[in-house]
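The data block below is final-v9.csv; it holds CSV, C-alpha atoms.
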```csv
chain,number,residue,atom,x,y,z
A,19,MET,CA,-13.1,-14.2,-7.4
A,20,THR,CA,-15.5,-14.2,-4.4
A,21,VAL,CA,-15.2,-18.0,-4.1
A,22,ALA,CA,-11.4,-17.8,-4.0
A,23,VAL,CA,-11.4,-14.9,-1.4
A,24,GLN,CA,-13.7,-16.8,0.9
A,25,SER,CA,-11.3,-19.7,1.1
A,26,PHE,CA,-8.8,-17.5,3.0
A,27,PRO,CA,-9.0,-17.0,6.8
A,28,GLN,CA,-11.9,-14.7,7.6
A,29,VAL,CA,-12.4,-12.4,10.6
A,30,PRO,CA,-15.6,-12.3,12.7
A,31,VAL,CA,-18.4,-10.0,11.7
A,32,SER,CA,-17.8,-7.8,14.8
A,33,LEU,CA,-14.2,-7.2,13.7
A,34,ARG,CA,-15.3,-6.4,10.2
A,35,ARG,CA,-17.7,-3.8,11.6
A,36,ARG,CA,-14.9,-2.2,13.7
A,37,ARG,CA,-12.6,-2.1,10.7
A,38,ARG,CA,-15.2,-0.4,8.6
A,39,LEU,CA,-15.9,2.2,11.3
A,40,ARG,CA,-12.1,2.8,11.8
A,41,LEU,CA,-11.8,3.2,8.0
A,42,ALA,CA,-14.6,5.7,7.9
A,43,ARG,CA,-13.1,7.7,10.8
A,44,THR,CA,-9.7,7.6,9.1
A,45,LEU,CA,-11.0,8.8,5.8
A,46,VAL,CA,-13.0,11.7,7.3
A,47,GLY,CA,-10.0,12.7,9.5
A,48,HIS,CA,-7.7,12.7,6.5
A,49,SER,CA,-10.2,14.7,4.4
A,50,VAL,CA,-10.5,17.4,7.2
A,51,ARG,CA,-6.7,17.6,7.7
A,52,SER,CA,-6.1,18.0,4.0
A,53,ARG,CA,-8.5,20.9,3.9
A,54,LEU,CA,-7.3,22.6,7.1
A,55,LEU,CA,-3.5,22.3,7.0
A,56,PRO,CA,-1.3,24.8,5.1
A,57,ALA,CA,-0.6,23.7,1.5
A,58,GLY,CA,3.2,23.3,1.7
A,59,GLN,CA,4.8,20.6,-0.5
A,60,ARG,CA,6.4,18.8,2.5
A,61,ARG,CA,3.2,18.9,4.5
A,62,ARG,CA,1.2,17.5,1.6
A,63,GLN,CA,3.7,14.7,1.2
A,64,ARG,CA,3.6,13.9,4.9
A,65,LEU,CA,-0.2,14.0,4.9
A,66,GLN,CA,-0.3,11.5,1.9
A,67,VAL,CA,2.0,9.0,3.6
A,68,CYS,CA,0.2,9.2,7.0
A,69,GLY,CA,-3.2,8.9,5.3
A,70,ALA,CA,-2.1,5.8,3.4
A,71,ALA,CA,-0.6,4.2,6.5
A,72,ASP,CA,-3.7,5.0,8.6
A,73,THR,CA,-6.0,3.6,5.9
A,74,LEU,CA,-4.0,0.3,5.7
A,75,THR,CA,-4.0,0.0,9.5
A,76,ALA,CA,-7.8,0.6,9.6
A,77,LEU,CA,-8.3,-2.1,7.0
A,78,GLY,CA,-6.1,-4.6,9.0
A,79,VAL,CA,-3.4,-4.8,6.3
A,80,ARG,CA,0.3,-5.1,7.1
A,81,VAL,CA,3.0,-3.8,4.8
A,82,GLN,CA,6.4,-5.3,4.7
A,83,VAL,CA,9.2,-3.5,2.9
A,84,ILE,CA,12.2,-5.4,1.4
A,85,GLN,CA,15.1,-3.1,0.6
A,86,PRO,CA,17.3,-3.6,-2.5
A,87,SER,CA,20.9,-4.8,-2.2
A,88,VAL,CA,22.2,-1.4,-3.4
A,89,PRO,CA,20.5,1.7,-2.0
A,90,TRP,CA,18.4,3.9,-4.2
A,91,PRO,CA,19.5,7.5,-5.0
A,92,ARG,CA,17.8,10.0,-2.7
A,93,SER,CA,16.7,12.3,-5.5
A,94,GLY,CA,16.3,12.3,-9.2
A,95,ARG,CA,14.4,9.0,-9.4
A,96,TYR,CA,11.4,7.7,-11.3
A,97,VAL,CA,9.5,5.0,-9.4
A,98,ILE,CA,7.5,2.4,-11.3
A,99,SER,CA,5.4,-0.4,-9.8
A,100,ASP,CA,3.6,-3.6,-10.9
A,101,HIS,CA,0.9,-3.4,-8.2
A,102,VAL,CA,-2.7,-4.3,-8.6
A,103,GLY,CA,-5.4,-1.8,-7.5
A,104,ARG,CA,-5.7,0.8,-4.8
A,105,LEU,CA,-4.3,-1.5,-2.1
A,106,GLY,CA,-1.0,-1.5,-3.9
A,107,ASP,CA,-1.1,2.3,-4.4
A,108,LEU,CA,-1.4,2.7,-0.6
A,109,ALA,CA,1.4,0.3,0.2
A,110,VAL,CA,3.8,1.9,-2.3
A,111,SER,CA,3.0,5.4,-1.1
A,112,THR,CA,3.8,4.4,2.5
A,113,ALA,CA,7.1,2.6,1.5
A,114,VAL,CA,8.4,5.1,-1.1
A,115,ARG,CA,8.4,8.6,0.3
A,116,GLY,CA,9.2,11.7,-1.7
A,117,THR,CA,9.1,10.2,-5.1
A,118,THR,CA,9.6,12.3,-8.1
A,119,GLU,CA,8.5,11.5,-11.6
A,120,ASP,CA,11.1,13.3,-13.6
A,121,GLY,CA,14.3,11.7,-12.4
A,122,ASP,CA,17.1,10.2,-14.4
A,123,VAL,CA,17.2,6.9,-12.4
A,124,LEU,CA,14.5,4.2,-12.9
A,125,SER,CA,13.6,2.7,-9.5
A,126,PRO,CA,11.3,-0.4,-10.0
A,127,VAL,CA,9.1,-1.7,-7.2
A,128,ALA,CA,7.5,-5.2,-7.1
A,129,VAL,CA,4.4,-5.6,-5.0
A,130,ARG,CA,3.4,-9.0,-3.8
A,131,TYR,CA,0.4,-10.0,-1.7
A,132,ARG,CA,0.3,-12.9,0.8
A,133,VAL,CA,-1.7,-14.3,3.7
A,134,ASP,CA,0.3,-14.4,7.0
A,135,GLY,CA,1.1,-18.0,7.9
A,136,ARG,CA,0.5,-19.4,4.4
A,137,PRO,CA,3.3,-20.3,1.9
A,138,GLY,CA,3.6,-18.4,-1.4
A,139,TYR,CA,2.0,-15.3,-2.8
A,140,LEU,CA,-1.6,-14.7,-4.0
A,141,PRO,CA,-2.1,-14.8,-7.7
A,142,ALA,CA,-3.3,-11.5,-9.3
A,143,GLN,CA,-6.9,-12.8,-9.6
A,144,GLU,CA,-7.1,-13.7,-5.9
A,145,VAL,CA,-5.9,-10.3,-4.6
A,146,PRO,CA,-8.9,-8.7,-2.8
A,147,ARG,CA,-9.9,-5.5,-4.5
A,148,ARG,CA,-13.1,-4.5,-2.8
A,149,THR,CA,-13.2,-3.0,0.6
A,150,ALA,CA,-15.5,-5.7,1.9
A,151,ASP,CA,-13.1,-8.4,0.9
A,152,ILE,CA,-10.1,-6.7,2.4
A,153,VAL,CA,-11.9,-6.0,5.7
A,154,ALA,CA,-13.0,-9.6,5.9
A,155,MET,CA,-9.6,-11.1,5.3
A,156,ARG,CA,-7.3,-12.2,8.2
A,157,GLY,CA,-3.6,-11.7,8.0
A,158,LEU,CA,-3.3,-9.9,4.6
A,159,VAL,CA,0.3,-8.8,4.1
A,160,VAL,CA,1.5,-6.5,1.2
A,161,GLU,CA,5.2,-6.9,0.4
A,162,VAL,CA,6.9,-4.0,-1.3
A,163,HIS,CA,10.2,-5.2,-2.9
A,164,PHE,CA,12.6,-2.4,-3.9
A,165,LEU,CA,14.4,-3.7,-7.0
A,166,PRO,CA,17.9,-2.4,-7.9
A,167,ALA,CA,17.8,1.1,-9.6
A,168,ARG,CA,19.1,1.5,-13.1
A,169,GLU,CA,19.7,4.4,-15.5
A,170,ARG,CA,16.6,5.5,-17.3
A,171,ALA,CA,16.6,5.2,-21.1
A,172,ALA,CA,16.7,8.4,-23.2
A,173,ARG,CA,13.3,9.8,-23.8
```
Rewrite the coordinates I just gave you, this time as structure tokens.
Amino acid sequence: MTVAVQSFPQVPVSLRRRRRLRLARTLVGHSVRSRLLPAGQRRRQRLQVCGAADTLTALGVRVQVIQPSVPWPRSGRYVISDHVGRLGDLAVSTAVRGTTEDGDVLSPVAVRYRVDGRPGYLPAQEVPRRTADIVAMRGLVVEVHFLPARERAAR
């Protein structure tokens, strides 16, 4: 996998160092805020979304959200995703806010990874999973495709 990742556009070592420092500062700040802020449900949800967005920004990753043709219901939904690893978790948590896991409507999400300026998507084995690989990559874009919602099968 390392050989495949090295074939993608790389950023200079100085930018990698700055990204790692930004990531460390973001993680520490998120940890402190989560301990100091009151523990309301809405505040925890907002903290999770902002923390994920800040982490992706620090890593130099861009998220692109593609909406479905028919809007999802605002409540009572169960979101499922086909993402790979922690990077997909972060992208989905920034794109899908306020998800519940006990809804009656199944709302699928497809996550695709690509390099900006290159055609096509990355195969699953070429998606960077380690922080060092993500920080070193130039132009990584995570696309979150909202697929049409459908009724959930009886449990």
- prompt: Between A:Ser99, A:Leu45, A:Pro89, A:Thr112, which has the minimum distance to A:Gln66 (counting all atoms listed in the file)?
  reply: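 Comparing A:Ser99, A:Leu45, A:Pro89, A:Thr112 against A:Gln66, the winner is A:Thr112.
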Interatomic distance (Å, one decimal) between atom CA of A:Gln82 and atom CA of A:Asp134: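 Atom CA of A:Gln82 sits 11.2 Å away from atom CA of A:Asp134.
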Protein, DNA and RNA residues within 10 Å of (-19.4, -5.3, 7.3), all atoms listed in the file, as JSON, numbers by chain: {"A": [30, 31, 32, 33, 34, 35, 36, 37, 38, 39, 149, 150, 151, 153, 154]}
- prompt: Between A:Pro27, A:Gly138, A:Gly78, A:Gly94, which one has atoms that come closest to A:Arg40, using all atoms listed in the file?
  reply: A:Gly78
Polymer residues at most 12 Å from stretch 48-57 of chain A, only C-alpha atoms, same-chain spacing of 6 or more positions, as a JSON list (two decimals) with C-alpha atoms, keeping the file's coordinate frame:
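Listed below is the output, selection.json:
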```json
[["chain", "number", "residue", "atom", "x", "y", "z"],
["A", 41, "LEU", "CA", -11.80, 3.20, 8.00],
["A", 42, "ALA", "CA", -14.60, 5.70, 7.90],
["A", 63, "GLN", "CA", 3.70, 14.70, 1.20],
["A", 64, "ARG", "CA", 3.60, 13.90, 4.90],
["A", 65, "LEU", "CA", -0.20, 14.00, 4.90],
["A", 66, "GLN", "CA", -0.30, 11.50, 1.90],
["A", 67, "VAL", "CA", 2.00, 9.00, 3.60],
["A", 68, "CYS", "CA", 0.20, 9.20, 7.00],
["A", 69, "GLY", "CA", -3.20, 8.90, 5.30],
["A", 70, "ALA", "CA", -2.10, 5.80, 3.40],
["A", 71, "ALA", "CA", -0.60, 4.20, 6.50],
["A", 72, "ASP", "CA", -3.70, 5.00, 8.60],
["A", 73, "THR", "CA", -6.00, 3.60, 5.90]]
```
